[in-house]
>>> print(open('my_file_20.cif').read())   # mmCIF, C-alpha atoms
data_target
#
loop_
_atom_site.label_atom_id
_atom_site.label_comp_id
_atom_site.auth_asym_id
_atom_site.auth_seq_id
_atom_site.Cartn_x
_atom_site.Cartn_y
_atom_site.Cartn_z
CA GLN A 1 117.16 273.72 38.11
CA VAL A 2 116.51 271.48 41.11
CA GLN A 3 119.01 271.67 43.94
CA LEU A 4 119.20 269.47 47.00
CA VAL A 5 121.45 270.36 49.89
CA GLU A 6 122.05 267.88 52.69
CA SER A 7 123.31 268.62 56.18
CA GLY A 8 123.76 266.85 59.49
CA GLY A 9 126.27 264.11 58.78
CA GLY A 10 129.14 263.37 61.11
CA SER A 11 130.80 260.81 63.33
CA VAL A 12 129.14 259.04 66.22
CA GLN A 13 129.68 255.97 68.36
CA ALA A 14 127.52 252.91 67.98
CA GLY A 15 124.18 253.37 69.70
CA GLY A 16 124.18 257.09 69.08
CA SER A 17 121.93 259.28 66.96
CA LEU A 18 122.22 261.70 64.08
CA ARG A 19 119.68 263.75 62.18
CA LEU A 20 120.08 264.47 58.48
CA SER A 21 118.22 267.25 56.72
CA CYS A 22 117.80 268.08 53.06
CA VAL A 23 116.33 271.15 51.42
CA ALA A 24 115.10 270.80 47.85
CA SER A 25 114.67 274.01 45.86
CA GLY A 26 114.22 275.07 42.28
CA TYR A 27 111.70 273.51 39.91
CA THR A 28 110.26 270.93 42.30
CA TYR A 29 106.82 269.42 42.61
CA SER A 30 105.35 268.93 46.03
CA THR A 31 103.82 265.69 44.69
CA TYR A 32 107.23 264.09 44.19
CA CYS A 33 108.43 261.40 46.54
CA MET A 34 111.54 262.25 48.52
CA GLY A 35 114.05 259.72 49.70
CA TRP A 36 117.31 258.97 51.42
CA PHE A 37 119.86 256.58 50.00
CA ARG A 38 123.29 255.51 51.16
CA GLN A 39 126.41 254.09 49.63
CA ALA A 40 129.27 252.49 51.50
CA PRO A 41 132.69 252.02 49.88
CA GLY A 42 132.66 249.07 47.51
CA LYS A 43 128.89 248.64 47.76
CA GLU A 44 125.96 249.61 45.60
CA ARG A 45 123.75 252.53 46.50
CA GLU A 46 120.77 251.35 48.54
CA GLY A 47 117.47 252.92 49.43
CA VAL A 48 117.08 253.74 53.10
CA ALA A 49 113.70 255.46 53.33
CA ALA A 50 111.29 257.36 51.14
CA ILE A 51 108.12 259.35 51.70
CA ASP A 52 105.44 260.54 49.29
CA SER A 53 103.42 263.75 49.43
CA ASP A 54 100.61 262.05 51.39
CA GLY A 55 102.98 260.83 54.07
CA THR A 56 103.19 257.19 53.01
CA ILE A 57 106.60 255.83 53.94
CA ASN A 58 108.76 252.88 52.98
CA TYR A 59 111.90 251.83 54.83
CA ALA A 60 114.65 249.37 54.09
CA ASP A 61 114.38 246.38 56.42
CA SER A 62 117.80 247.14 57.86
CA VAL A 63 116.67 250.47 59.32
CA LYS A 64 113.07 249.77 60.36
CA GLY A 65 112.50 250.74 63.97
CA ARG A 66 115.66 252.84 64.09
CA PHE A 67 115.29 255.49 61.38
CA THR A 68 112.42 257.92 60.85
CA ILE A 69 111.86 259.97 57.72
CA SER A 70 109.71 263.10 57.65
CA ARG A 71 108.98 265.92 55.24
CA ASP A 72 107.67 269.45 55.22
CA ASN A 73 105.82 270.05 52.00
CA GLU A 74 106.41 273.02 49.78
CA ARG A 75 107.01 276.25 51.58
CA ASN A 76 108.61 279.23 49.88
CA ASN A 77 109.31 276.93 46.90
CA GLU A 78 111.34 274.58 49.10
CA ILE A 79 110.69 271.08 50.40
CA THR A 80 112.54 269.77 53.44
CA VAL A 81 113.03 266.11 54.23
CA SER A 82 114.73 264.81 57.36
CA LEU A 83 116.07 261.47 58.50
CA GLN A 84 116.31 260.83 62.22
CA MET A 85 118.74 257.97 62.79
CA ASN A 86 118.80 256.28 66.17
CA ILE A 87 120.63 253.25 67.56
CA LEU A 88 123.25 253.67 64.88
CA LYS A 89 125.44 250.71 63.98
CA PRO A 90 128.85 250.52 62.28
CA ASP A 91 127.06 249.01 59.27
CA ASP A 92 125.22 252.32 58.86
CA THR A 93 128.51 253.98 57.91
CA ALA A 94 128.10 255.41 54.40
CA ALA A 95 127.64 258.51 52.34
CA TYR A 96 123.96 259.47 52.58
CA TYR A 97 122.18 261.09 49.67
CA CYS A 98 118.89 262.95 49.48
CA ALA A 99 116.85 262.50 46.31
CA THR A 100 113.60 263.62 44.75
CA GLY A 101 111.79 263.43 41.43
CA ALA A 102 110.17 260.04 41.88
CA ASN A 103 106.47 259.65 41.16
CA TRP A 104 106.01 256.51 43.25
CA LEU A 105 107.46 254.79 46.28
CA GLY A 106 109.46 251.64 45.88
CA SER A 107 109.69 249.01 48.58
CA PRO A 108 112.51 249.43 49.28
CA PRO A 109 113.11 252.75 47.51
CA LYS A 110 114.94 252.38 44.20
CA SER A 111 117.52 254.88 43.05
CA ALA A 112 116.49 254.49 39.40
CA ASP A 113 113.12 256.07 40.24
CA PHE A 114 114.66 259.32 41.50
CA ARG A 115 115.83 262.00 39.10
CA TYR A 116 117.47 264.64 41.29
CA TRP A 117 120.23 264.05 43.80
CA GLY A 118 122.16 265.93 46.44
CA GLN A 119 125.92 265.82 46.84
CA GLY A 120 125.82 263.56 49.86
CA THR A 121 126.85 263.78 53.49
CA GLN A 122 129.10 261.32 55.30
CA VAL A 123 127.92 259.33 58.31
CA THR A 124 130.54 257.37 60.23
CA VAL A 125 129.62 255.08 63.11
CA SER A 126 132.43 253.68 65.22
CA SER A 127 132.20 250.57 67.38
#
>>> encode(input="my_file_20.cif", output="structure tokens")
Amino acid sequence: QVQLVESGGGSVQAGGSLRLSCVASGYTYSTYCMGWFRQAPGKEREGVAAIDSDGTINYADSVKGRFTISRDNERNNEITVSLQMNILKPDDTAAYYCATGANWLGSPPKSADFRYWGQGTQVTVSS
């Protein structure tokens, strides 16, 4: 059973930074893409960033130049993916979800391509 556990959410003022981390364990393939998605109240879930096993990355236009995704490939049957978020804006406020199980990158990442999801971590940016 695949498990994804996110950490690093919190509250920050506009212009600040946060770093999210996610550890995927269980029956995972190091070849899977890993991604971050977010969902604000009343809005659909949107892809933020995704990275494949070769290091190819796609970002949503709204976060390009501000967010950076990275991954550590399989180690001790775990894969870690991080999202460094800089110059945060109130519009970035959302629940952020880590996901894996996709065989290809979407541009932007598409939630329908990802099979396994974490529980989410809240990010709140105040003006």
>>> residues_near_point(input="my_file_20.cif", point="(124.6, 256.3, 71.2)", cutoff="9 Å", atoms="all atoms listed in the file", output="list in words")
Val12, Gln13, Ala14, Gly15, Gly16, Ser17, Asn86, Ile87 and Leu88 of chain A
>>> atom_distance(input="my_file_20.cif", atom1="CA of Val123 (chain A)", atom2="CA of Asn73 (chain A)")
25.4 Å
>>> resolve_selection(input="my_file_20.cif", expression="the PyMOL selection byres ((chain A and resi 76) around 12)", output="PDB file with C-alpha atoms, in the frame of the given file")
ATOM      1  CA  VAL A  23     116.330 271.150  51.420  1.00  0.00           C
ATOM      2  CA  ALA A  24     115.100 270.800  47.850  1.00  0.00           C
ATOM      3  CA  SER A  25     114.670 274.010  45.860  1.00  0.00           C
ATOM      4  CA  GLY A  26     114.220 275.070  42.280  1.00  0.00           C
ATOM      5  CA  TYR A  27     111.700 273.510  39.910  1.00  0.00           C
ATOM      6  CA  THR A  28     110.260 270.930  42.300  1.00  0.00           C
ATOM      7  CA  SER A  30     105.350 268.930  46.030  1.00  0.00           C
ATOM      8  CA  ASP A  72     107.670 269.450  55.220  1.00  0.00           C
ATOM      9  CA  ASN A  73     105.820 270.050  52.000  1.00  0.00           C
ATOM     10  CA  GLU A  74     106.410 273.020  49.780  1.00  0.00           C
ATOM     11  CA  ARG A  75     107.010 276.250  51.580  1.00  0.00           C
ATOM     12  CA  ASN A  77     109.310 276.930  46.900  1.00  0.00           C
ATOM     13  CA  GLU A  78     111.340 274.580  49.100  1.00  0.00           C
ATOM     14  CA  ILE A  79     110.690 271.080  50.400  1.00  0.00           C
ATOM     15  CA  THR A  80     112.540 269.770  53.440  1.00  0.00           C
TER      16      THR A  80
END
>>> residues_around(input="my_file_20.cif", residues="Lys64 (chain A)", least_positions_apart="3", cutoff="12 Å", atoms="only C-alpha atoms", output="ChimeraX atom specification")
/A:48-49,57-61,67-69,84-88,108
>>> write_last_selection(input="my_file_20.cif", atoms="C-alpha atoms", output="CSV table (one decimal), keeping the file's coordinate frame")
chain,number,residue,atom,x,y,z
A,48,VAL,CA,117.1,253.7,53.1
A,49,ALA,CA,113.7,255.5,53.3
A,57,ILE,CA,106.6,255.8,53.9
A,58,ASN,CA,108.8,252.9,53.0
A,59,TYR,CA,111.9,251.8,54.8
A,60,ALA,CA,114.6,249.4,54.1
A,61,ASP,CA,114.4,246.4,56.4
A,67,PHE,CA,115.3,255.5,61.4
A,68,THR,CA,112.4,257.9,60.8
A,69,ILE,CA,111.9,260.0,57.7
A,84,GLN,CA,116.3,260.8,62.2
A,85,MET,CA,118.7,258.0,62.8
A,86,ASN,CA,118.8,256.3,66.2
A,87,ILE,CA,120.6,253.2,67.6
A,88,LEU,CA,123.2,253.7,64.9
A,108,PRO,CA,112.5,249.4,49.3
>>> atom_distance(input="my_file_20.cif", atom1="CA of Glu46 (chain A)", atom2="CA of Ser126 (chain A)")
20.5 Å
>>> resolve_selection(input="my_file_20.cif", expression="the PyMOL selection byres ((chain A and resi 93) around 8)", output="ChimeraX atom specification")
/A:40,89-92,94-95,122-125
>>> closest_residue(input="my_file_20.cif", among="A:Val5, A:Leu83, A:Ala99, A:Val63", to="Asp113 (chain A)", atoms="all atoms listed in the file")
A:Ala99
